[in-house]
file start_29.txt (compact mmCIF, C-alpha atoms)
# COMPACT_ATOMS: atom_id res chain seq x y z
CA MET A 3 -30.69 82.93 126.11
CA PRO A 4 -31.95 80.75 128.99
CA LEU A 5 -35.25 81.59 130.65
CA THR A 6 -35.18 82.99 134.14
CA ARG A 7 -36.70 81.01 136.97
CA SER A 8 -39.62 83.44 137.29
CA THR A 9 -40.34 83.24 133.54
CA GLN A 10 -40.30 79.44 133.74
CA LEU A 11 -42.73 79.59 136.68
CA ILE A 12 -45.09 81.93 134.79
CA ILE A 13 -45.08 79.62 131.74
CA LEU A 14 -45.77 76.62 133.97
CA VAL A 15 -48.69 78.37 135.71
CA VAL A 16 -50.21 79.50 132.39
CA ALA A 17 -49.88 75.98 130.97
CA GLY A 18 -51.50 74.53 134.09
CA ILE A 19 -54.42 76.94 133.88
CA GLY A 20 -54.85 76.06 130.20
CA ALA A 21 -54.83 72.34 130.97
CA LEU A 22 -57.36 72.83 133.77
CA ALA A 23 -59.67 74.85 131.51
CA THR A 24 -59.43 72.17 128.81
CA GLY A 25 -60.23 69.45 131.35
CA ILE A 26 -63.24 71.37 132.64
CA GLN A 27 -64.53 71.91 129.11
CA LEU A 28 -64.12 68.21 128.27
CA SER A 29 -65.90 67.23 131.47
CA ARG A 30 -68.79 69.56 130.64
CA SER A 31 -69.09 68.12 127.17
CA MET A 32 -69.29 64.62 128.68
CA HIS A 33 -71.61 65.23 131.65
CA ASP A 34 -72.44 68.78 132.67
CA ASP A 35 -74.42 69.59 129.54
CA ARG A 36 -76.95 67.02 130.76
CA VAL A 37 -77.15 68.34 134.32
CA GLY A 38 -79.87 70.90 134.94
CA ALA A 39 -77.57 73.30 136.83
CA ALA A 40 -78.31 76.01 134.27
CA PRO A 41 -81.54 74.85 132.64
CA ARG A 42 -82.20 75.74 129.05
CA PRO A 43 -85.72 75.88 127.66
CA VAL A 44 -87.00 72.53 126.50
CA ALA A 45 -87.92 72.55 122.85
CA ALA A 46 -91.08 70.82 121.72
CA VAL A 47 -92.10 68.39 124.43
CA PRO A 48 -94.44 65.85 122.80
CA SER A 49 -98.11 65.96 123.73
CA SER A 50 -98.30 62.36 124.95
CA PHE A 51 -96.20 59.78 126.76
CA ALA A 52 -95.29 56.78 124.61
CA PRO A 53 -95.69 53.23 125.95
CA LEU A 54 -92.47 51.71 127.21
CA THR A 55 -91.07 48.60 128.85
CA LEU A 56 -87.98 48.85 131.05
CA PRO A 57 -86.43 46.80 133.84
CA ASP A 58 -86.69 48.02 137.42
CA VAL A 59 -83.62 48.18 139.67
CA ASN A 60 -84.04 44.46 140.42
CA GLY A 61 -84.13 43.47 136.74
CA VAL A 62 -87.90 42.82 136.61
CA SER A 63 -89.45 44.01 133.34
CA VAL A 64 -92.15 46.65 133.85
CA ASP A 65 -94.60 47.72 131.14
CA SER A 66 -96.15 51.18 131.26
CA SER A 67 -99.59 49.67 130.58
CA GLU A 68 -99.52 48.73 134.29
CA TRP A 69 -100.05 52.44 135.09
CA ALA A 70 -103.08 52.95 132.85
CA GLY A 71 -105.67 55.19 134.46
CA GLN A 72 -103.24 56.89 136.84
CA THR A 73 -101.73 60.36 136.85
CA LEU A 74 -97.99 59.90 136.42
CA LEU A 75 -95.08 61.95 137.70
CA ILE A 76 -92.11 60.65 135.71
CA ASN A 77 -88.62 61.76 136.68
CA PHE A 78 -85.48 61.13 134.64
CA TRP A 79 -82.43 61.08 136.93
CA ALA A 80 -78.87 59.79 137.34
CA SER A 81 -76.70 59.03 140.35
CA TRP A 82 -74.01 61.51 139.27
CA CYS A 83 -76.54 64.36 138.92
CA ALA A 84 -76.51 66.40 142.15
CA PRO A 85 -79.81 68.21 141.40
CA CYS A 86 -81.43 64.81 140.76
CA ARG A 87 -80.27 63.52 144.13
CA GLU A 88 -81.64 66.67 145.76
CA GLU A 89 -85.15 66.33 144.33
CA ILE A 90 -85.68 62.57 144.81
CA PRO A 91 -86.81 62.98 148.46
CA VAL A 92 -89.31 65.64 147.33
CA PHE A 93 -90.74 63.22 144.75
CA ALA A 94 -91.00 60.52 147.43
CA ARG A 95 -92.96 62.87 149.74
CA ILE A 96 -95.26 64.04 146.92
CA GLY A 97 -95.84 60.43 145.88
CA ALA A 98 -96.84 59.43 149.40
CA GLN A 99 -99.01 62.53 149.82
CA PHE A 100 -101.03 61.99 146.63
CA GLN A 101 -100.92 58.21 146.18
CA ASP A 102 -104.48 57.76 147.45
CA ARG A 103 -105.69 60.29 144.88
CA GLY A 104 -104.24 58.33 141.96
CA LEU A 105 -100.70 59.70 141.56
CA LYS A 106 -97.94 57.25 140.60
CA VAL A 107 -94.33 58.45 140.80
CA ILE A 108 -91.86 56.72 138.50
CA GLY A 109 -88.14 57.32 138.34
CA ILE A 110 -86.17 56.47 135.23
CA ALA A 111 -82.49 56.14 136.14
CA LEU A 112 -79.89 56.74 133.48
CA ASP A 113 -77.53 54.38 135.29
CA ASP A 114 -76.89 50.68 135.61
CA ALA A 115 -79.24 48.79 137.93
CA GLN A 116 -76.71 48.26 140.71
CA THR A 117 -75.82 51.98 140.90
CA ALA A 118 -79.49 53.02 140.80
CA ARG A 119 -80.43 50.49 143.49
CA ARG A 120 -77.52 51.52 145.73
CA LEU A 121 -78.41 55.22 145.49
CA GLY A 122 -82.08 54.45 146.05
CA ASP A 123 -81.25 52.55 149.22
CA GLU A 124 -78.89 55.30 150.36
CA ILE A 125 -81.38 58.17 150.01
CA GLY A 126 -84.64 56.36 150.63
CA LEU A 127 -86.08 56.24 147.14
CA ASP A 128 -89.31 54.37 147.80
CA TYR A 129 -91.15 54.70 144.50
CA LEU A 130 -90.81 52.63 141.34
CA SER A 131 -87.45 53.20 139.73
CA LEU A 132 -86.77 51.87 136.25
CA VAL A 133 -83.38 51.60 134.60
CA ALA A 134 -82.50 52.91 131.16
CA GLU A 135 -78.75 52.55 130.93
CA ARG A 136 -76.71 55.43 129.54
CA ASP A 137 -77.14 55.45 125.73
CA ALA A 138 -80.64 53.94 125.68
CA GLY A 139 -81.59 56.16 128.59
CA TYR A 140 -80.48 59.33 126.84
CA SER A 141 -82.32 58.28 123.69
CA LEU A 142 -85.48 57.85 125.76
CA LEU A 143 -84.94 61.13 127.63
CA GLU A 144 -84.35 63.02 124.39
CA GLN A 145 -87.77 61.91 123.07
CA TYR A 146 -89.23 64.30 125.68
CA ASN A 147 -86.32 66.67 126.26
CA PRO A 148 -84.26 67.19 123.09
CA GLY A 149 -81.46 68.85 125.08
CA GLY A 150 -81.06 65.70 127.16
CA ALA A 151 -80.46 67.63 130.40
CA LEU A 152 -81.15 66.29 133.88
CA PRO A 153 -83.13 66.31 136.03
CA PHE A 154 -86.18 66.28 133.80
CA SER A 155 -89.74 65.44 134.83
CA LEU A 156 -93.11 64.96 133.18
CA LEU A 157 -96.62 65.14 134.59
CA VAL A 158 -98.90 62.84 132.59
CA THR A 159 -102.70 62.47 132.74
CA PRO A 160 -104.37 59.04 133.08
CA ASP A 161 -104.98 59.02 129.32
CA GLY A 162 -101.28 59.62 128.55
CA LYS A 163 -101.26 63.36 127.77
CA ILE A 164 -98.23 65.31 128.98
CA ILE A 165 -99.69 68.34 130.77
CA ASP A 166 -96.58 69.72 132.46
CA HIS A 167 -92.83 69.25 132.47
CA LYS A 168 -89.84 70.62 134.31
CA LEU A 169 -86.18 70.85 133.38
CA GLY A 170 -84.13 71.23 136.55
CA ILE A 171 -85.20 70.73 140.14
CA TRP A 172 -88.97 70.68 140.63
CA HIS A 173 -89.20 72.15 144.13
CA ALA A 174 -91.89 71.01 146.57
CA GLN A 175 -94.30 73.95 146.40
CA PRO A 176 -94.57 74.32 142.61
CA LEU A 177 -94.61 70.54 142.20
CA THR A 178 -97.41 70.21 144.74
CA GLN A 179 -99.39 72.88 142.90
CA ALA A 180 -98.87 71.16 139.54
CA VAL A 181 -99.91 67.77 140.95
CA GLU A 182 -102.98 69.28 142.66
CA ALA A 183 -104.04 70.91 139.39
CA ALA A 184 -103.51 67.68 137.46
CA LEU A 185 -105.53 65.62 139.93
CA GLN A 186 -108.38 68.14 139.96
CA THR A 187 -108.81 67.89 136.20
CA GLN A 188 -109.23 64.09 136.20

call {"tool": "encode", "arguments": {"input": "start_29.txt", "output": "C-alpha cells"}}
result
Amino acid sequence: MPLTRSTQLIILVVAGIGALATGIQLSRSMHDDRVGAAPRPVAAVPSSFAPLTLPDVNGVSVDSSEWAGQTLLINFWASWCAPCREEIPVFARIGAQFQDRGLKVIGIALDDAQTARRLGDEIGLDYLSLVAERDAGYSLLEQYNPGGALPFSLLVTPDGKIIDHKLGIWHAQPLTQAVEAALQTQ
C-alpha cells in the first residue's frame, strides 16, 4: 500500500530532525567539548607552570625563561572559540593596567599563526601571543586542563607556581581581583 503524501512528509521531517541532531552531536564532539560555554570543573591543575618554547604569531621562537621574575596571566584561546574572543579585550586592558607592577599577559593560540595573527589584528590583541597548533596545542592545554576546554587561563607567580586558574570567561572584576591579590603577595 503506497504511503500518503502527509505520511511521506512526516517521515521526511523526522529524518531531517534526526540528521540535524546527528550533525550537532558530531560538531560538539569535534569542537564544542573544548569551548567553555558550559564549563566543567578542572581536575588537578598542576602546582607549577612548566618551561616551554613556542613560536609567536610571526614565527619567532619565544622561550618562557624570558618571563622569569614576572607574574604571568596565561590564556589558552582559539579563533573559533566565541568566549575566547570575548575575553581577549579584557586581558588586554588588565595587561595594560598592571604591566608596571610586573604582570605579563601571554596568549597561547590553538590555531595556525596566520589565523591567530589575523584575529589579533582584528580585535586589537596587543599582548604576546604564541602559537601551539591544534594537536600540539591541545596536548599543552591538557597538561593544565585535562578536559581541554577553552577558554582556559592560569595565573602564575614569578617563581612559576600556579596560584589561580579559570575555565571559561574570566570577567574583568574577578580577574582584576585575582591579579591584585597575586601582585600583593610578591

call {"tool": "atom_distance", "arguments": {"input": "start_29.txt", "atom1": "atom CA of A:Pro176", "atom2": "atom CA of A:Ile76"}}
result
15.5 Å

call {"tool": "residues_around", "arguments": {"input": "start_29.txt", "residues": "A:Ala111", "least_positions_apart": "6", "cutoff": "8 Å", "atoms": "all atoms listed in the file", "output": "number ranges by chain"}}
result
A: 78-81, 118, 131-135, 139

call {"tool": "closest_atom_pairs", "arguments": {"input": "start_29.txt", "of": "stretch 61-177 of chain A", "to": "stretch 182-188 of chain A", "cutoff": "9 Å", "atoms": "all atoms listed in the file", "output": "tab-separated table"}}
result
residue	atom	partner	partner_atom	distance
A:Thr73	CA	A:Leu185	CA	7.2
A:Phe100	CA	A:Glu182	CA	8.5
A:Arg103	CA	A:Leu185	CA	7.3
A:Gly104	CA	A:Leu185	CA	7.7
A:Leu105	CA	A:Leu185	CA	7.8
A:Leu157	CA	A:Ala184	CA	7.9
A:Val158	CA	A:Ala184	CA	8.3
A:Thr159	CA	A:Ala184	CA	7.1
A:Pro160	CA	A:Gln188	CA	7.7
A:Ile165	CA	A:Ala184	CA	7.7
A:Asp166	CA	A:Ala184	CA	8.8
A:Leu177	CA	A:Glu182	CA	8.5

call {"tool": "closest_residue", "arguments": {"input": "start_29.txt", "among": "A:His173, A:His167, A:Arg7, A:Arg87", "to": "A:Asn147", "atoms": "only C-alpha atoms"}}
result
A:His167

call {"tool": "closest_residue", "arguments": {"input": "start_29.txt", "among": "A:Ala94, A:Leu121, A:Ile108, A:Leu142", "to": "A:Glu68", "atoms": "all atoms listed in the file"}}
result
A:Ile108

call {"tool": "residues_around", "arguments": {"input": "start_29.txt", "residues": "A:Leu143", "least_positions_apart": "4", "cutoff": "10 Å", "atoms": "only C-alpha atoms", "output": "number ranges by chain"}}
result
A: 77-79, 110, 112, 134, 137-139, 147-152, 154-155

call {"tool": "atom_distance", "arguments": {"input": "start_29.txt", "atom1": "atom CA of A:Leu54", "atom2": "atom CA of A:Leu130"}}
result
14.3 Å

call {"tool": "closest_residue", "arguments": {"input": "start_29.txt", "among": "A:Asp58, A:Asp114, A:Glu88, A:Glu124", "to": "A:Gly170", "atoms": "all atoms listed in the file"}}
result
A:Glu88

call {"tool": "atom_distance", "arguments": {"input": "start_29.txt", "atom1": "atom CA of A:Ile125", "atom2": "atom CA of A:Pro91"}}
result
7.4 Å

call {"tool": "closest_residue", "arguments": {"input": "start_29.txt", "among": "A:Val59, A:Ala174, A:Ala84, A:Ile90", "to": "A:Leu127", "atoms": "all atoms listed in the file"}}
result
A:Ile90

call {"tool": "closest_residue", "arguments": {"input": "start_29.txt", "among": "A:Ala46, A:Trp82, A:Tyr129, A:Glu144", "to": "A:Arg95", "atoms": "all atoms listed in the file"}}
result
A:Tyr129

call {"tool": "decode", "arguments": {"input": "start_29.txt", "residues": "stretch 38-176 of chain A", "atoms": "C-alpha atoms", "output": "compact mmCIF listing (two decimals), in the first residue's frame"}}
result
# COMPACT_ATOMS: atom_id res chain seq x y z
CA GLY A 38 33.91 26.83 27.79
CA ALA A 39 30.22 27.53 27.11
CA ALA A 40 29.25 25.15 29.90
CA PRO A 41 32.41 24.89 31.99
CA ARG A 42 33.13 21.69 33.84
CA PRO A 43 35.37 21.64 36.90
CA VAL A 44 39.03 21.34 36.06
CA ALA A 45 40.59 18.26 37.59
CA ALA A 46 44.01 18.51 39.15
CA VAL A 47 45.68 21.63 37.83
CA PRO A 48 49.43 21.19 38.40
CA SER A 49 51.10 23.34 41.03
CA SER A 50 53.66 24.90 38.68
CA PHE A 51 53.99 26.09 35.11
CA ALA A 52 56.46 24.07 33.05
CA PRO A 53 59.06 25.80 30.86
CA LEU A 54 58.11 25.98 27.21
CA THR A 55 59.29 27.31 23.88
CA LEU A 56 56.75 28.24 21.20
CA PRO A 57 56.69 30.48 18.14
CA ASP A 58 54.83 33.79 18.30
CA VAL A 59 52.36 34.78 15.58
CA ASN A 60 55.27 35.99 13.43
CA GLY A 61 57.17 32.70 13.72
CA VAL A 62 59.80 33.97 16.19
CA SER A 63 60.68 31.37 18.82
CA VAL A 64 59.95 32.54 22.38
CA ASP A 65 61.25 30.79 25.49
CA SER A 66 59.37 31.10 28.77
CA SER A 67 62.64 31.84 30.59
CA GLU A 68 62.25 35.36 29.14
CA TRP A 69 59.41 35.92 31.63
CA ALA A 70 61.34 34.87 34.74
CA GLY A 71 60.54 37.06 37.72
CA GLN A 72 57.18 38.24 36.39
CA THR A 73 53.64 37.37 37.39
CA LEU A 74 52.05 35.70 34.38
CA LEU A 75 48.48 35.66 33.15
CA ILE A 76 48.44 32.88 30.55
CA ASN A 77 45.36 32.44 28.39
CA PHE A 78 44.72 29.49 26.08
CA TRP A 79 42.42 30.54 23.23
CA ALA A 80 41.34 29.78 19.65
CA SER A 81 39.86 31.89 16.87
CA TRP A 82 36.76 29.70 16.61
CA CYS A 83 36.03 29.99 20.35
CA ALA A 84 33.47 32.78 20.87
CA PRO A 85 34.09 33.07 24.65
CA CYS A 86 37.83 33.38 23.92
CA ARG A 87 37.21 36.23 21.50
CA GLU A 88 35.03 37.93 24.11
CA GLU A 89 37.64 37.87 26.87
CA ILE A 90 40.73 38.88 24.85
CA PRO A 91 39.97 42.63 25.14
CA VAL A 92 39.60 42.21 28.92
CA PHE A 93 43.03 40.55 29.08
CA ALA A 94 44.50 43.40 27.02
CA ARG A 95 43.07 46.01 29.44
CA ILE A 96 44.25 44.09 32.52
CA GLY A 97 47.70 43.68 30.97
CA ALA A 98 47.99 47.41 30.32
CA GLN A 99 46.65 48.26 33.78
CA PHE A 100 49.11 46.06 35.69
CA GLN A 101 52.14 45.98 33.37
CA ASP A 102 54.08 48.46 35.50
CA ARG A 103 53.52 46.26 38.55
CA GLY A 104 55.11 43.22 36.90
CA LEU A 105 52.21 41.46 35.16
CA LYS A 106 52.87 39.83 31.77
CA VAL A 107 49.89 38.61 29.74
CA ILE A 108 50.56 35.78 27.32
CA GLY A 109 48.09 34.25 24.92
CA ILE A 110 48.58 30.74 23.59
CA ALA A 111 46.54 30.32 20.41
CA LEU A 112 45.41 26.85 19.41
CA ASP A 113 45.43 27.94 15.77
CA ASP A 114 47.88 28.37 12.94
CA ALA A 115 49.97 31.55 13.03
CA GLN A 116 48.18 33.29 10.17
CA THR A 117 44.73 32.79 11.74
CA ALA A 118 45.96 33.89 15.18
CA ARG A 119 47.67 36.97 13.73
CA ARG A 120 44.60 37.93 11.67
CA LEU A 121 42.28 37.66 14.68
CA GLY A 122 44.74 39.55 16.86
CA ASP A 123 44.84 42.39 14.34
CA GLU A 124 41.06 42.34 14.01
CA ILE A 125 40.28 42.62 17.73
CA GLY A 126 43.31 44.53 18.94
CA LEU A 127 45.22 41.80 20.73
CA ASP A 128 48.28 43.75 21.87
CA TYR A 129 49.99 41.30 24.21
CA LEU A 130 52.35 38.44 23.38
CA SER A 131 50.52 35.70 21.54
CA LEU A 132 52.20 32.36 21.00
CA VAL A 133 51.03 29.65 18.63
CA ALA A 134 50.53 26.00 19.54
CA GLU A 135 48.81 24.49 16.53
CA ARG A 136 45.84 22.19 17.08
CA ASP A 137 47.18 18.81 18.27
CA ALA A 138 50.30 20.15 19.98
CA GLY A 139 48.23 22.97 21.43
CA TYR A 140 45.66 20.64 22.93
CA SER A 141 48.42 18.47 24.38
CA LEU A 142 49.89 21.56 26.04
CA LEU A 143 46.48 22.78 27.23
CA GLU A 144 45.62 19.37 28.67
CA GLN A 145 48.76 19.47 30.87
CA TYR A 146 46.94 22.17 32.86
CA ASN A 147 43.30 21.45 31.99
CA PRO A 148 42.70 17.72 31.46
CA GLY A 149 39.28 18.41 29.92
CA GLY A 150 40.91 20.52 27.22
CA ALA A 151 38.12 23.13 27.24
CA LEU A 152 38.53 26.74 26.15
CA PRO A 153 38.98 29.44 27.18
CA PHE A 154 41.33 28.45 29.97
CA SER A 155 43.64 30.75 31.91
CA LEU A 156 46.36 30.46 34.53
CA LEU A 157 47.74 33.00 36.97
CA VAL A 158 51.38 32.17 37.73
CA THR A 159 53.72 33.69 40.34
CA PRO A 160 57.22 34.94 39.41
CA ASP A 161 58.67 31.66 40.70
CA GLY A 162 56.39 29.57 38.44
CA LYS A 163 53.68 28.48 40.91
CA ILE A 164 50.14 28.34 39.55
CA ILE A 165 48.05 30.22 42.12
CA ASP A 166 44.76 30.56 40.24
CA HIS A 167 43.06 29.27 37.12
CA LYS A 168 39.81 29.79 35.29
CA LEU A 169 37.88 27.61 32.87
CA GLY A 170 35.53 29.80 30.85
CA ILE A 171 35.46 33.56 30.56
CA TRP A 172 37.43 35.36 33.26
CA HIS A 173 35.39 38.55 33.56
CA ALA A 174 37.05 41.89 34.34
CA GLN A 175 36.12 42.29 38.02
CA PRO A 176 37.09 38.83 39.29
